[in-house]
Amino acid sequence: QVQLVESGGGLVQPGGSLRLSCEVSGGIFRLYTMGWYQKAPGKQRELVASITARGQSTYTDSVKGRFTISRDSAKDTVFLQMNNLKPEDTAVYYCNSENEYNGVKYWGQGTQVTVSS
């Protein structure tokens, strides 16, 4: 059973930074495209950033230049470095894995990020 466990959320002032982590267990990390999604109140869950097994990354326009996704295969972990945070970044952030060969997806439980003064 593949499990994804997020950590690193919290309360931060506008302009601050947070680093989210998502550790994967029970699967083969090197086969997965990893993604971070945000779910804000009253909105649908949206993809923020993703990184393929080969390390190619993509970002939604609203976070380009502020967020950086990375992965550490030695630790089976994906990170989301979030800088210059804005109140509109407030959301629950979910980690997602997608097996690049069979399309099977798994989700973490989510971690709350609140940007407020």
# chains A, B, ... in the order shown; residues from 1 in each chain; ligands from 1
$ residues_around --residues "stretch 76-85 of chain A" --least-positions-apart "4" --cutoff "10 Å" --atoms "only C-alpha atoms" --output "ChimeraX atom specification"
/A:4-8,12-25,27-30,34-36,48-51,63,65-72,89-90,93,95-97,113-116
$ select_by_dssp --residues "chain A" --states "helix (DSSP H, G or I)" --output "list of chain:residue names"
A:Phe29, A:Arg30, A:Leu31, A:Asp61, A:Ser62, A:Val63, A:Pro87, A:Glu88, A:Asp89
$ residues_around --residues "stretch 37-46 of chain A" --least-positions-apart "3" --cutoff "6 Å" --atoms "only C-alpha atoms" --output "list of chain:residue names"
A:Ala91, A:Val92, A:Tyr93, A:Tyr94
$ atom_distance --atom1 "atom CA of A:Gly9" --atom2 "atom CA of A:Gly110"
9.0 Å
$ residues_around --residues "stretch 52-54 of chain A" --least-positions-apart "4" --cutoff "6 Å" --atoms "only C-alpha atoms" --output "list in words"
Arg30, Leu31, Tyr32 and Thr33 of chain A
$ atom_distance --atom1 "atom CA of A:Gly26" --atom2 "atom CA of A:Thr58"
25.6 Å
$ atom_distance --atom1 "atom CA of A:Thr111" --atom2 "atom CA of A:Gly10"
8.0 Å
